[in-house]
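Trainee: As input, take coords24.txt (compact mmCIF, C-alpha atoms):
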# COMPACT_ATOMS: atom_id res chain seq x y z
CA MET A 12 103.18 105.86 89.15
CA LEU A 13 105.19 103.35 87.18
CA LYS A 14 103.36 100.32 85.88
CA ARG A 15 104.19 97.10 87.69
CA ILE A 16 105.47 93.75 86.46
CA SER A 17 104.57 91.16 89.07
CA CYS A 18 105.49 87.52 89.39
CA LEU A 19 102.39 85.38 89.90
CA LEU A 20 102.77 81.86 91.27
CA THR A 21 99.97 79.33 91.49
CA ILE A 22 100.60 76.93 94.35
CA SER A 23 99.02 73.59 95.12
CA GLY A 24 100.20 71.26 97.86
CA GLY A 25 103.11 73.58 98.53
CA GLU A 26 104.40 73.30 94.96
CA PHE A 27 104.47 75.74 92.07
CA PHE A 28 102.28 74.47 89.27
CA LYS A 29 101.81 75.47 85.70
CA THR A 30 98.09 75.67 85.14
CA ARG A 31 95.88 75.47 82.09
CA ASN A 32 92.36 76.81 82.38
CA PHE A 33 93.10 76.92 86.13
CA GLN A 34 93.72 73.18 86.37
CA ALA A 35 97.14 72.18 87.72
CA ASP A 36 99.31 70.84 84.93
CA HIS A 37 102.84 70.12 86.08
CA ILE A 38 105.27 71.20 88.77
CA TYR A 39 108.09 73.65 88.14
CA SER A 40 111.19 74.56 90.07
CA LEU A 41 111.56 78.16 91.22
CA SER A 42 115.25 78.02 91.93
CA HIS A 43 116.17 80.33 89.07
CA VAL A 44 113.50 82.99 89.65
CA PRO A 45 114.92 86.41 90.69
CA PHE A 46 111.96 87.46 92.84
CA ASN A 47 113.52 90.75 93.93
CA LEU A 48 113.78 91.93 90.32
CA PHE A 49 109.99 91.92 90.00
CA ASP A 50 107.89 94.81 91.27
CA GLU A 51 105.75 92.49 93.37
CA VAL A 52 105.26 88.80 94.03
CA VAL A 53 101.73 87.41 94.01
CA ILE A 54 101.00 83.92 95.32
CA ILE A 55 97.72 82.19 94.58
CA CYS A 56 96.67 79.20 96.66
CA ARG A 57 94.96 76.60 94.48
CA ASP A 58 93.93 74.37 97.39
CA ASN A 59 90.69 74.41 99.34
CA SER A 60 92.40 75.08 102.66
CA LEU A 61 95.62 76.54 104.03
CA SER A 62 97.91 73.55 104.28
CA ASP A 63 101.16 73.45 106.22
CA ASP A 64 102.90 72.92 102.88
CA TYR A 65 101.47 76.18 101.55
CA LEU A 66 102.44 78.11 104.67
CA ARG A 67 105.92 76.58 104.49
CA PHE A 68 106.20 77.65 100.86
CA ILE A 69 105.26 81.23 101.74
CA THR A 70 107.74 81.33 104.59
CA GLY A 71 110.46 80.16 102.25
CA ILE A 72 109.70 82.89 99.74
CA SER A 73 109.07 85.77 102.13
CA LYS A 74 112.24 85.50 104.18
CA ASP A 75 114.41 86.67 101.29
CA LEU A 76 111.90 88.94 99.61
CA ARG A 77 112.58 92.67 99.45
CA VAL A 78 109.63 93.60 97.22
CA PRO A 79 105.92 93.53 98.11
CA LEU A 80 104.25 90.19 98.71
CA THR A 81 100.57 89.61 97.95
CA LEU A 82 98.96 86.39 99.16
CA SER A 83 95.75 84.51 98.68
CA GLY A 84 94.61 81.65 100.86
CA ARG A 85 90.90 80.95 101.11
CA ILE A 86 90.36 83.84 103.50
CA GLN A 87 87.02 83.63 105.27
CA SER A 88 87.71 85.47 108.51
CA LYS A 89 89.91 87.99 110.27
CA ASP A 90 91.93 85.11 111.70
CA ASP A 91 92.62 83.70 108.23
CA ALA A 92 93.86 87.10 107.10
CA LYS A 93 96.05 87.48 110.17
CA VAL A 94 97.82 84.20 109.37
CA LEU A 95 98.85 85.56 105.98
CA PHE A 96 99.84 89.00 107.24
CA ASP A 97 101.91 87.39 109.99
CA LEU A 98 103.69 85.33 107.35
CA GLY A 99 104.79 88.50 105.58
CA ALA A 100 101.90 89.49 103.32
CA ASP A 101 101.76 93.16 102.47
CA ARG A 102 98.41 92.64 100.78
CA ILE A 103 95.91 89.82 100.67
CA ILE A 104 93.63 88.57 97.91
CA LEU A 105 89.95 87.91 98.45
CA ASN A 106 88.13 85.85 95.88
CA SER A 107 85.54 83.42 97.27
CA ALA A 108 85.12 85.72 100.26
CA LEU A 109 83.65 88.38 97.96
CA TRP A 110 80.79 85.98 97.31
CA ASP A 111 80.53 83.91 100.46
CA PHE A 112 81.87 86.06 103.31
CA PRO A 113 81.42 89.72 102.27
CA GLN A 114 80.76 90.75 105.86
CA VAL A 115 84.41 90.24 106.76
CA ILE A 116 85.70 92.71 104.16
CA PRO A 117 84.91 96.00 105.97
CA PHE A 118 86.63 94.66 109.09
CA LEU A 119 89.74 93.73 107.13
CA ALA A 120 89.81 97.11 105.41
CA GLU A 121 89.54 98.92 108.72
CA ARG A 122 92.19 96.79 110.39
CA TYR A 123 94.78 96.68 107.59
CA GLY A 124 93.67 99.53 105.34
CA LYS A 125 91.82 99.00 102.09
CA GLN A 126 95.09 99.37 100.22
CA ALA A 127 95.99 95.94 101.60
CA ILE A 128 92.88 94.23 100.19
CA LEU A 129 92.68 92.96 96.61
CA GLY A 130 89.42 91.75 95.18
CA SER A 131 90.06 88.95 92.72
CA PHE A 132 87.86 87.95 89.81
CA ASP A 133 88.44 84.96 87.56
CA LEU A 134 86.61 85.47 84.32
CA VAL A 135 85.08 82.84 82.12
CA LYS A 136 82.91 83.11 79.03
CA PRO A 137 80.85 79.95 78.58
CA PRO A 138 79.46 79.39 75.08
CA ASN A 139 76.32 81.37 74.32
CA THR A 140 76.23 83.11 77.68
CA ALA A 141 77.49 86.37 79.10
CA LEU A 142 80.87 86.83 80.78
CA VAL A 143 80.68 85.50 84.35
CA ALA A 144 82.97 84.84 87.29
CA TYR A 145 84.52 81.47 87.93
CA ASN A 146 83.96 79.53 91.14
CA TRP A 147 87.21 78.06 92.48
CA SER A 148 85.42 75.76 94.89
CA THR A 149 83.30 74.01 92.31
CA SER A 150 85.46 74.66 89.22
CA GLU A 151 82.29 75.85 87.54
CA PRO A 152 81.13 79.21 86.20
CA ARG A 153 79.02 81.29 88.54
CA SER A 154 75.74 82.70 87.34
CA THR A 155 76.83 86.35 87.45
CA LEU A 156 79.91 88.52 87.02
CA PHE A 157 79.72 90.26 90.39
CA PRO A 158 78.52 89.15 93.81
CA GLU A 159 75.23 90.59 94.96
CA SER A 160 76.82 92.85 97.55
CA PHE A 161 79.58 94.16 95.30
CA SER A 162 78.21 97.69 95.08
CA GLU A 163 78.84 97.97 98.83
CA ILE A 164 82.01 95.97 99.34
CA LYS A 165 83.91 97.46 96.39
CA HIS A 166 84.53 100.56 98.49
CA TYR A 167 86.60 98.44 100.88
CA LEU A 168 88.93 97.15 98.17
CA GLY A 169 92.26 98.65 97.19
CA GLU A 170 92.87 96.88 93.90
CA ILE A 171 91.25 94.45 91.50
CA LEU A 172 93.08 91.33 90.31
CA LEU A 173 91.71 89.89 87.07
CA GLN A 174 92.40 86.47 85.68
CA ASP A 175 91.14 84.99 82.45
CA VAL A 176 90.29 81.34 82.99
CA ASP A 177 89.68 80.67 79.31
CA ASN A 178 93.11 81.95 78.31
CA ASP A 179 95.08 80.70 81.32
CA GLY A 180 98.08 78.59 80.31
CA ARG A 181 97.31 78.82 76.63
CA ILE A 182 99.32 80.51 73.91
CA ILE A 183 96.58 82.56 72.37
CA GLY A 184 97.36 85.89 73.98
CA PRO A 185 95.08 88.05 76.07
CA SER A 186 91.46 88.75 75.33
CA ILE A 187 91.61 92.50 75.72
CA GLN A 188 87.96 92.93 74.89
CA LYS A 189 86.93 90.55 77.65
CA LEU A 190 89.17 92.19 80.24
CA SER A 191 88.17 95.69 79.18
CA SER A 192 84.48 94.89 79.35
CA PHE A 193 84.93 93.72 82.94
CA ILE A 194 86.90 96.84 83.87
CA ASP A 195 84.19 99.02 82.35
CA ALA A 196 81.55 97.17 84.33
CA LEU A 197 83.42 97.67 87.61
CA ASP A 198 82.24 101.24 87.91
CA ILE A 199 84.96 102.18 90.38
CA ASP A 200 88.38 103.64 89.62
CA LEU A 201 90.62 101.16 91.41
CA PRO A 202 94.08 99.98 90.38
CA ILE A 203 93.77 97.03 88.00
CA HIS A 204 96.16 94.08 88.15
CA ILE A 205 96.09 91.53 85.35
CA GLY A 206 96.97 88.06 86.56
CA SER A 207 97.00 85.01 84.36
CA ALA A 208 95.65 85.93 80.94
CA GLY A 209 97.57 83.85 78.44
CA LEU A 210 100.38 86.31 77.73
CA THR A 211 103.14 84.69 75.73
CA SER A 212 105.00 87.46 73.92
CA TRP A 213 106.36 90.86 74.87
CA ASP A 214 103.78 92.36 72.51
CA HIS A 215 101.05 90.78 74.64
CA TYR A 216 102.43 92.48 77.73
CA THR A 217 102.73 95.78 75.91
CA SER A 218 99.14 95.53 74.69
CA MET A 219 97.94 95.04 78.25
CA PHE A 220 100.10 97.81 79.68
CA SER A 221 98.95 100.14 76.94
CA LEU A 222 95.48 100.18 78.44
CA ASP A 223 95.21 103.28 80.62
CA THR A 224 93.11 101.33 83.08
CA VAL A 225 95.76 98.65 83.70
CA ASP A 226 98.33 99.32 86.42
CA ALA A 227 100.05 95.96 86.81
CA VAL A 228 100.54 92.84 84.72
CA SER A 229 101.69 89.47 86.04
CA VAL A 230 104.28 87.17 84.61
CA THR A 231 102.88 83.66 84.97
CA ASN A 232 104.94 81.83 82.37
CA ILE A 233 107.97 80.17 83.94
CA HIS A 234 109.98 80.94 80.81
CA HIS A 235 109.47 84.66 81.41
CA MET A 236 110.77 84.50 84.97
CA SER A 237 114.52 84.36 84.39
CA ILE A 238 116.80 87.36 84.88
CA ASP A 239 117.44 87.68 81.15
CA ALA A 240 113.76 87.36 80.22
CA LEU A 241 112.70 89.92 82.79
CA GLN A 242 115.32 92.43 81.70
CA SER A 243 114.27 91.87 78.10
CA LEU A 244 110.62 92.43 79.03
CA ARG A 245 111.46 95.65 80.87
CA SER A 246 113.48 96.86 77.91
CA SER A 247 110.65 96.04 75.54
CA CYS A 248 108.23 98.03 77.69
CA LYS A 249 110.61 100.98 77.76
CA VAL A 250 111.01 100.95 73.98
CA ASN A 251 107.22 100.97 73.66
CA GLY A 252 106.84 103.94 75.98
CA ILE A 253 105.45 102.00 78.96
CA PRO A 254 106.57 103.62 82.24
CA ILE A 255 108.29 100.73 83.99
CA ARG A 256 110.88 100.62 86.73
CA GLN A 257 114.26 100.16 85.09
CA LEU A 258 116.88 98.15 86.96
CA MET B 27 126.89 98.97 109.81
CA VAL B 28 127.57 102.67 109.93
CA LEU B 29 126.66 103.46 113.52
CA SER B 30 129.26 102.54 116.09
CA SER B 31 127.14 100.41 118.43
CA PRO B 32 123.52 101.23 117.76
CA LYS B 33 120.44 99.68 119.21
CA ALA B 34 117.11 100.07 117.49
CA PHE B 35 113.64 100.02 118.97
CA ILE B 36 110.87 98.97 116.58
CA VAL B 37 107.48 100.03 117.87
CA ASP B 38 104.81 97.35 117.85
CA TYR B 39 101.46 99.06 118.22
CA GLY B 40 99.50 96.46 116.31
CA ALA B 41 99.61 98.11 112.91
CA GLY B 42 102.01 96.68 110.47
CA ASN B 43 104.09 94.03 108.87
CA LEU B 44 106.66 93.95 111.65
CA GLY B 45 108.39 90.86 110.33
CA SER B 46 109.54 92.61 107.17
CA ILE B 47 110.65 95.71 109.05
CA ALA B 48 112.51 93.72 111.69
CA ARG B 49 114.26 91.70 109.00
CA PHE B 50 115.21 94.91 107.18
CA ILE B 51 116.68 96.48 110.31
CA ARG B 52 118.36 93.39 111.71
CA SER B 53 119.46 91.44 108.65
CA ASP B 54 119.91 94.07 105.96
CA LEU B 55 121.10 97.04 108.02
CA GLN B 56 122.64 94.77 110.66
CA ILE B 57 121.36 96.79 113.58
CA PRO B 58 120.39 94.90 116.75
CA ALA B 59 116.74 95.67 117.33
CA THR B 60 114.10 95.21 119.97
CA THR B 61 110.46 94.96 118.94
CA ALA B 62 108.04 95.93 121.69
CA THR B 63 105.00 98.01 122.55
CA PRO B 64 105.28 101.81 122.93
CA LEU B 65 105.00 101.47 126.70
CA LEU B 66 108.35 99.70 126.82
CA PHE B 67 110.27 102.39 124.94
CA THR B 68 112.97 103.92 127.12
CA PRO B 69 114.86 106.71 125.29
CA ASN B 70 118.17 106.22 127.05
CA ASN B 71 118.48 102.59 126.01
CA TYR B 72 118.21 103.08 122.27
CA ASP B 73 119.85 105.06 119.46
CA PHE B 74 117.39 104.51 116.64
CA LEU B 75 113.59 104.49 116.81
CA VAL B 76 111.60 102.86 114.00
CA ILE B 77 107.86 103.47 113.69
CA PRO B 78 106.39 101.15 111.03
CA GLY B 79 102.74 100.88 110.21
CA VAL B 80 100.06 100.05 107.71
CA GLY B 81 96.36 100.52 108.15
CA ASN B 82 94.07 103.22 109.39
CA TYR B 83 95.40 106.40 111.03
CA GLY B 84 92.32 106.75 113.20
CA LEU B 85 92.85 103.32 114.74
CA ALA B 86 96.63 103.54 114.99
CA ALA B 87 97.13 107.04 116.41
CA PRO B 88 95.47 106.43 119.81
CA LYS B 89 97.61 103.32 120.29
CA LEU B 90 100.85 105.07 119.40
CA ALA B 91 100.58 108.71 120.34
CA THR B 92 99.86 108.26 124.02
CA GLU B 93 101.06 110.94 126.41
CA GLN B 94 103.78 108.66 127.74
CA PHE B 95 105.15 107.66 124.34
CA THR B 96 104.91 111.19 122.95
CA THR B 97 106.97 112.48 125.89
CA ALA B 98 109.53 109.72 125.54
CA VAL B 99 109.95 110.31 121.82
CA SER B 100 110.27 114.05 122.36
CA GLN B 101 113.14 113.45 124.80
CA PHE B 102 114.70 111.01 122.35
CA VAL B 103 114.56 113.51 119.49
CA GLN B 104 116.02 116.33 121.56
CA THR B 105 119.16 114.27 122.10
CA GLY B 106 119.66 114.12 118.34
CA LYS B 107 118.90 110.44 117.97
CA MET B 108 117.28 109.16 114.79
CA VAL B 109 113.56 108.50 114.30
CA LEU B 110 112.39 106.69 111.16
CA GLY B 111 108.66 106.58 110.37
CA ILE B 112 107.52 104.33 107.53
CA CYS B 113 104.25 104.70 105.60
CA LEU B 114 101.52 105.04 108.25
CA GLY B 115 104.34 105.37 110.78
CA ALA B 116 105.58 108.37 108.78
CA GLN B 117 102.13 109.94 108.73
CA LEU B 118 101.94 109.56 112.50
CA LEU B 119 105.00 111.81 112.84
CA GLY B 120 102.84 114.75 111.75
CA TYR B 121 100.02 116.64 113.39
CA SER B 122 96.87 114.92 112.14
CA SER B 123 95.15 113.07 109.30
CA GLU B 124 91.87 113.40 107.48
CA GLU B 125 91.69 109.61 107.61
CA ALA B 126 90.72 109.76 111.28
CA LYS B 127 87.03 110.28 111.80
CA LEU B 128 87.77 112.15 115.02
CA PRO B 129 90.47 114.81 115.51
CA ILE B 130 93.25 112.58 116.80
CA ARG B 131 96.74 114.00 117.18
CA GLY B 132 99.86 112.39 115.82
CA LEU B 133 103.27 112.73 117.44
CA GLY B 134 103.71 116.24 116.03
CA LEU B 135 107.43 115.86 115.32
CA LEU B 136 107.17 117.18 111.76
CA PRO B 137 104.99 120.06 110.53
CA PHE B 138 102.49 118.39 108.24
CA ASN B 139 98.93 117.16 108.15
CA CYS B 140 97.81 114.15 106.13
CA VAL B 141 95.15 114.83 103.53
CA HIS B 142 93.49 112.64 100.93
CA LEU B 143 95.25 112.31 97.58
CA GLU B 144 92.11 113.63 95.90
CA SER B 145 93.15 117.03 97.26
CA HIS B 146 96.67 116.89 95.82
CA PRO B 147 97.20 119.69 93.28
CA ILE B 148 98.94 117.50 90.69
CA TYR B 149 98.29 113.83 91.40
CA SER B 150 95.30 112.65 89.40
CA GLY B 151 95.81 108.90 89.49
CA LYS B 152 93.92 106.21 91.29
CA THR B 153 93.69 105.71 95.01
CA PRO B 154 95.09 103.84 96.74
CA ARG B 155 98.25 105.10 95.06
CA THR B 156 99.96 101.76 94.63
CA GLY B 157 103.27 100.94 93.03
CA TRP B 158 106.71 102.27 92.32
CA SER B 159 107.75 105.84 91.81
CA THR B 160 111.04 107.61 91.32
CA VAL B 161 112.40 110.08 93.84
CA GLN B 162 115.42 112.32 93.58
CA TYR B 163 117.32 112.83 96.82
CA ASP B 164 120.72 114.38 97.22
CA LYS B 165 121.35 114.33 93.45
CA GLN B 166 120.57 110.62 93.17
CA GLU B 167 117.47 108.86 91.84
CA TYR B 168 115.77 106.05 93.74
CA SER B 169 112.77 103.86 92.92
CA PHE B 170 110.53 103.21 95.90
CA TYR B 171 107.36 101.22 96.56
CA PHE B 172 104.32 103.19 97.76
CA VAL B 173 100.85 102.17 98.84
CA HIS B 174 98.71 104.91 100.38
CA SER B 175 95.61 107.05 100.00
CA PHE B 176 96.64 110.07 102.08
CA TYR B 177 99.75 112.21 101.69
CA MET B 178 101.88 114.37 103.94
CA LYS B 179 100.95 117.98 103.24
CA ALA B 180 103.43 120.40 104.72
CA SER B 181 102.06 123.11 106.99
CA LEU B 182 102.64 126.77 106.34
CA ASP B 183 105.53 126.76 108.79
CA SER B 184 107.26 124.26 106.56
CA ASP B 185 110.50 126.19 106.43
CA CYS B 186 111.70 124.10 109.36
CA HIS B 187 112.04 120.90 107.35
CA SER B 188 112.72 119.63 103.84
CA THR B 189 110.66 117.49 101.49
CA SER B 190 111.53 115.19 98.60
CA LEU B 191 108.83 114.67 95.99
CA CYS B 192 108.15 111.88 93.52
CA ILE B 193 109.37 113.01 90.13
CA ASP B 194 106.32 111.99 88.12
CA ASP B 195 103.46 113.32 90.25
CA GLN B 196 105.01 115.55 92.91
CA VAL B 197 103.58 113.53 95.78
CA PRO B 198 105.77 113.90 98.91
CA ALA B 199 107.91 110.83 99.44
CA TYR B 200 110.20 111.93 102.24
CA MET B 201 110.25 114.65 104.87
CA THR B 202 112.85 115.38 107.45
CA SER B 203 113.33 117.86 110.27
CA ILE B 204 115.77 120.74 110.10
CA ASN B 205 118.04 118.83 112.45
CA ALA B 206 117.69 115.86 110.09
CA ASN B 207 117.09 113.34 112.81
CA VAL B 208 113.33 112.80 112.26
CA HIS B 209 112.64 111.06 108.96
CA ALA B 210 109.21 110.39 107.48
CA LEU B 211 109.24 107.89 104.60
CA GLN B 212 105.91 107.59 102.81
CA PHE B 213 107.33 104.62 100.90
CA HIS B 214 108.36 101.21 102.18
CA PRO B 215 112.16 100.95 102.15
CA GLU B 216 111.93 97.34 103.29
CA LYS B 217 109.93 96.56 100.13
CA SER B 218 111.91 98.76 97.73
CA ALA B 219 114.68 96.25 96.95
CA GLN B 220 118.21 97.64 96.78
CA ASP B 221 117.11 101.27 96.56
CA GLY B 222 115.29 101.08 99.89
CA PHE B 223 118.37 99.70 101.57
CA SER B 224 120.64 102.27 99.91
CA PHE B 225 118.45 105.19 100.95
CA VAL B 226 118.17 104.27 104.62
CA SER B 227 121.86 103.37 104.74
CA ARG B 228 122.58 106.84 103.43
CA LEU B 229 120.47 108.44 106.14
CA LEU B 230 122.29 106.40 108.74
CA THR B 231 125.72 107.54 107.57
CA LYS B 232 124.91 110.94 109.07
CA TYR B 233 124.97 109.29 112.47
CA ALA B 234 128.25 107.47 111.99
Please, can you express the file's structure as structure tokens?

Mentor:
Amino acid sequence: MLKRISCLLTISGGEFFKTRNFQADHIYSLSHVPFNLFDEVVIICRDNSLSDDYLRFITGISKDLRVPLTLSGRIQSKDDAKVLFDLGADRIILNSALWDFPQVIPFLAERYGKQAILGSFDLVKPPNTALVAYNWSTSEPRSTLFPESFSEIKHYLGEILLQDVDNDGRIIGPSIQKLSSFIDALDIDLPIHIGSAGLTSWDHYTSMFSLDTVDAVSVTNIHHMSIDALQSLRSSCKVNGIPIRQL
Amino acid sequence: MVLSSPKAFIVDYGAGNLGSIARFIRSDLQIPATTATPLLFTPNNYDFLVIPGVGNYGLAAPKLATEQFTTAVSQFVQTGKMVLGICLGAQLLGYSSEEAKLPIRGLGLLPFNCVHLESHPIYSGKTPRTGWSTVQYDKQEYSFYFVHSFYMKASLDSDCHSTSLCIDDQVPAYMTSINANVHALQFHPEKSAQDGFSFVSRLLTKYA
């Protein structure tokens, strides 16, 4: 398979926000973004509930989209998932549900296929402690890296989405060691999708794609979302021997 | 549109992203389409049958491959009209799938069984097999989006159809009948940008 370049949007109140350490910074326009030139579009809901504004935003994106759409949205039940699939999601992202509602995951995998279910982990490394997951609801680190039931529910997931909270929105590049240590700890050979991880140069993308374990890398920087930037990124990957869809 | 006055029937059997498929058929291919349950499919009223689908074969097959629908589709195919199965819908055009816990029959329109990718002789990547792959068809290369864990493995009597494989890992992407009116697409043309549209448009030109 070719490696994927996805477009990852973080949405709050129905608007696309730049984030820094997962805190909303400022709003951007998406009018210039060529969504159909990406290999996938991933939308992350930053709010605590599915607002009408968020659903309206998704509807606006999905009606003209001709590449896969992956959606998050505080999914806690089969009904929550159905809302997103009905809006055009090809795959959905589970984050808090891995910790708080693991019982729903086997049902979703049976109904939609596990290929449609992404398990999302937001990584944070507090000073003097081990790498742990980040809790969106409290904006605090959790006490562990994986939920207690992960050894069971991981078999119902079709992909893992990783985000680096410490590096999000910063210009320090990815922490490959941190991401790799998480992937090693997963102990299951699922596709790995790198979300926000502080990538700012084409070399950063190449370094992520060069990992055999990584299958997809997201563009989260608005300045990397133009037609010219995306074509330049694809060319850079090709020059560096990364198997990427060429347009 | 390439067909003179076609009407499409998109099967809604509760397994799939019907909105994207309907938009692809109606808006992109500009074919008037009805979306309804298998029970409402009447072969004489349609020229083009679309079977979408994502999810589990074992749950989907009993809803789709009922005796009534199987008979109706068989009549439809015998008149030379076009059937397009997409992803799980493609797998349901074959005989069976290992994904089903019980031996549940598909529509049996193409001679293949679905087996897990772990059994594929060349593919050694992760499952689900997710992402884009390149396919050569009719001397042209296309990039398509795939997401699946089982693949269409042709039966021994496979001389009655043709198969197009992904270039990089030889996983079957497309199968068609010898009469070329039953088409099984393992990929999602509606999610494969311009190449998905171009490929299906090309298939449709044969019915112009």

Trainee: Go through chain B and flag each residue having an atom no more than 8 Å from chain A; for those, report the closest pair of atoms plus their distance in Å to one decimal, using all atoms listed in the file, ordered by chain and rising number, as a tab-separated table.

Mentor:
residue	atom	partner	partner_atom	distance
B:Ala41	CA	A:Tyr123	CA	7.3
B:Gly42	CA	A:Tyr123	CA	7.8
B:Asn43	CA	A:Gly99	CA	6.5
B:Gly45	CA	A:Gly99	CA	6.4
B:Ser46	CA	A:Gly99	CA	6.5
B:Val80	CA	A:Tyr123	CA	6.3
B:Gly81	CA	A:Gly124	CA	4.0
B:Asn82	CA	A:Gly124	CA	5.5
B:Leu85	CA	A:Arg122	CA	7.9
B:Gly151	CA	A:Met12	CA	8.0
B:Lys152	CA	A:Leu201	CA	6.0
B:Thr153	CA	A:Leu201	CA	6.6
B:Pro154	CA	A:Gln126	CA	5.7
B:Arg155	CA	A:Met12	CA	7.7
B:Thr156	CA	A:Pro202	CA	7.5
B:Gly157	CA	A:Met12	CA	6.3
B:Trp158	CA	A:Leu13	CA	5.5
B:Ser159	CA	A:Met12	CA	5.3
B:Ser169	CA	A:Arg256	CA	7.2
B:Tyr171	CA	A:Pro79	CA	8.0
B:Val173	CA	A:Gln126	CA	6.6
B:His174	CA	A:Gln126	CA	6.6
B:Ser175	CA	A:Gln126	CA	7.7
B:Asp194	CA	A:Met12	CA	7.0
B:Asp195	CA	A:Met12	CA	7.5
B:Glu216	CA	A:Arg77	CA	6.1
B:Lys217	CA	A:Val78	CA	4.2
B:Ser218	CA	A:Val78	CA	5.7
B:Ala219	CA	A:Arg77	CA	4.8
B:Gln220	CA	A:Arg77	CA	8.0

Trainee: Using only C-alpha atoms, which of the listed residues (A:Leu82, A:Val176, A:Leu95, A:Ala196) sits closest to Leu156 of chain A?

Mentor: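 Of A:Leu82, A:Val176, A:Leu95, A:Ala196, the one nearest Leu156 of chain A, counting only C-alpha atoms, is A:Ala196.
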
Trainee: Go ahead and compute the interatomic distance for atom CA of Ser40 of chain A and atom CA of Ile86 of chain A, in Å to one decimal.

Mentor: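 It comes out at 26.5 Å.
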
Trainee: Find the spatial neighbours of Asp175 of chain A, counting only C-alpha atoms, within a cut-off of 9 Å - ignore same-chain residues fewer than 3 positions away - and output them as a list in words.

Mentor: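 What passes the distance filter is Asn32, Phe132, Asp133, Leu134, Val135, Asn178, Asp179, Pro185, Ser186, Lys189, Leu190, Ile205, Gly206, Ser207, Ala208 and Gly209 of chain A.
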
Trainee: Just checking: using only C-alpha atoms, which residue out of A:Ile69, A:Ile183, A:Ile194, A:Leu109 ends up closest to Val225 of chain A?

Mentor: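 Of A:Ile69, A:Ile183, A:Ile194, A:Leu109, the one nearest Val225 of chain A, counting only C-alpha atoms, is A:Ile194.
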
Trainee: Of the candidates A:Glu26, A:Leu20, A:Thr211, A:Val44, which one gets nearest to Leu241 of chain A if we count all atoms listed in the file?

Mentor: A:Val44

Trainee: What is the atom CA of Arg153 of chain A-atom CA of Ala108 of chain A distance in Å, reported with one decimal?

Mentor: 13.9 Å

Trainee: Kindly give the distance, in Å, that separates atom CA of Gln162 of chain B and atom CA of Asp239 of chain A, rounded to a single decimal.

Mentor: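 Result for atom CA of Gln162 of chain B versus atom CA of Asp239 of chain A: 27.7 Å, one decimal.
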
Trainee: Specify the axis-aligned box that encloses all atoms of segment 65-72 of chain A listed in the file after padding of 6 Å on each side, stating its centre and edge lengths in Å to one decimal as JSON.

Mentor:
{"center_x": 106.0, "center_y": 79.5, "center_z": 102.2, "size_x": 21.0, "size_y": 18.7, "size_z": 16.9}
